[in-house]
Amino acid sequence: MGTAAKISGTEAALLALLTRGEMSGYDLQRAAETAGGFFWAPTKSRIYAVLPQLVDRGYATSREVVQTARPNKQLYRLTKSGRAVVQAWLEEPPVFEPDRAPVLLKLYFGNLLEPETLLSHLLHIRTEAAALKRRLEAHPDRHDVYADLAFRHTLEWLKALIRWATTAEREIAARVAQE
């Protein structure tokens, strides 16, 4: 594999965000929440853990900004090697990950659960998807055609997930009623 295999999706996303200019960890967290928070949402601790690693690997530089009313902050800037590694990562075909749906694993082994537990899992997924859909519709990040395409994909995926969960809940409830 090439250079792209050496960075994670989180590392690549942070480096890609840094192509927009120098940012603090807080700025990167807000940008992640705004730009990709609907399909990529690293935790604050993950962002802050990865940033020094990017500096250590030469993909970013950091500088401390002294602040009087608040704690000092670190600002990060993309390096040429960081730009090259994120470009290589972006050019690699994406990994297809159909196995990233824990609810489907639980559903597959649904015969080992009480139907009420399985129904509560489906309700949870449907509720979370609906909440994310509302957030996305309220604050779309459509700053260019590519962001708009990602936005529309996520919105359509959420709609499909909500429809599927609703149907699955009905089918399980109907089977329980027949027993």
# chains A, B, ... in the order shown; residues from 1 in each chain; ligands from 1
call {"tool": "residues_around", "arguments": {"residues": "Arg126 (chain A)", "least_positions_apart": "5", "cutoff": "10 Å", "atoms": "only C-alpha atoms", "output": "PyMOL selection string"}}
result
chain A and resi 120-121+131-132+158-159+161-166+169
call {"tool": "closest_atom_pairs", "arguments": {"of": "region 72-172 of chain A", "to": "region 62-67 of chain A", "cutoff": "8 Å", "atoms": "only C-alpha atoms", "output": "JSON lines"}}
result
{"residue": "A:Asn72", "atom": "CA", "partner": "A:Val66", "partner_atom": "CA", "distance": 4.7}
{"residue": "A:Lys73", "atom": "CA", "partner": "A:Val65", "partner_atom": "CA", "distance": 5.3}
{"residue": "A:Gln74", "atom": "CA", "partner": "A:Glu64", "partner_atom": "CA", "distance": 4.5}
{"residue": "A:Leu75", "atom": "CA", "partner": "A:Ser62", "partner_atom": "CA", "distance": 5.3}
{"residue": "A:Tyr76", "atom": "CA", "partner": "A:Ser62", "partner_atom": "CA", "distance": 4.4}
{"residue": "A:Arg77", "atom": "CA", "partner": "A:Ser62", "partner_atom": "CA", "distance": 6.3}
call {"tool": "closest_residue", "arguments": {"among": "A:Ala12, A:Ala160, A:Leu119, A:Leu136", "to": "Glu91 (chain A)", "atoms": "only C-alpha atoms"}}
result
A:Ala12
call {"tool": "residues_around", "arguments": {"residues": "region 107-110 of chain A", "least_positions_apart": "3", "cutoff": "12 Å", "atoms": "only C-alpha atoms", "output": "ChimeraX atom specification"}}
result
/A:101-104,113-122,125,165,168-169,172
call {"tool": "closest_residue", "arguments": {"among": "A:Ser45, A:Ile7, A:Thr34, A:Met23", "to": "Phe151 (chain A)", "atoms": "only C-alpha atoms"}}
result
A:Thr34
call {"tool": "atom_distance", "arguments": {"atom1": "CA of Glu11 (chain A)", "atom2": "CA of Pro93 (chain A)"}}
result
16.6 Å
call {"tool": "select_by_dssp", "arguments": {"residues": "chain A", "states": "strand (DSSP E or B)", "output": "list of chain:residue names"}}
result
A:Met23, A:Ser24, A:Ala60, A:Thr61, A:Ser62, A:Arg63, A:Glu64, A:Val65, A:Lys73, A:Gln74, A:Leu75, A:Tyr76, A:Arg77, A:Leu78
call {"tool": "closest_residue", "arguments": {"among": "A:Ser81, A:Ser8, A:Gln87, A:Thr167", "to": "Leu123 (chain A)", "atoms": "only C-alpha atoms"}}
result
A:Thr167
call {"tool": "select_by_dssp", "arguments": {"residues": "region 16-79 of chain A", "states": "alpha helix (DSSP H)", "output": "list in words"}}
result
Ala16, Leu17, Leu18, Gly25, Tyr26, Asp27, Leu28, Gln29, Arg30, Ala31, Lys44, Ser45, Arg46, Ile47, Tyr48, Ala49, Val50, Leu51, Pro52, Gln53, Leu54, Val55 and Asp56 of chain A
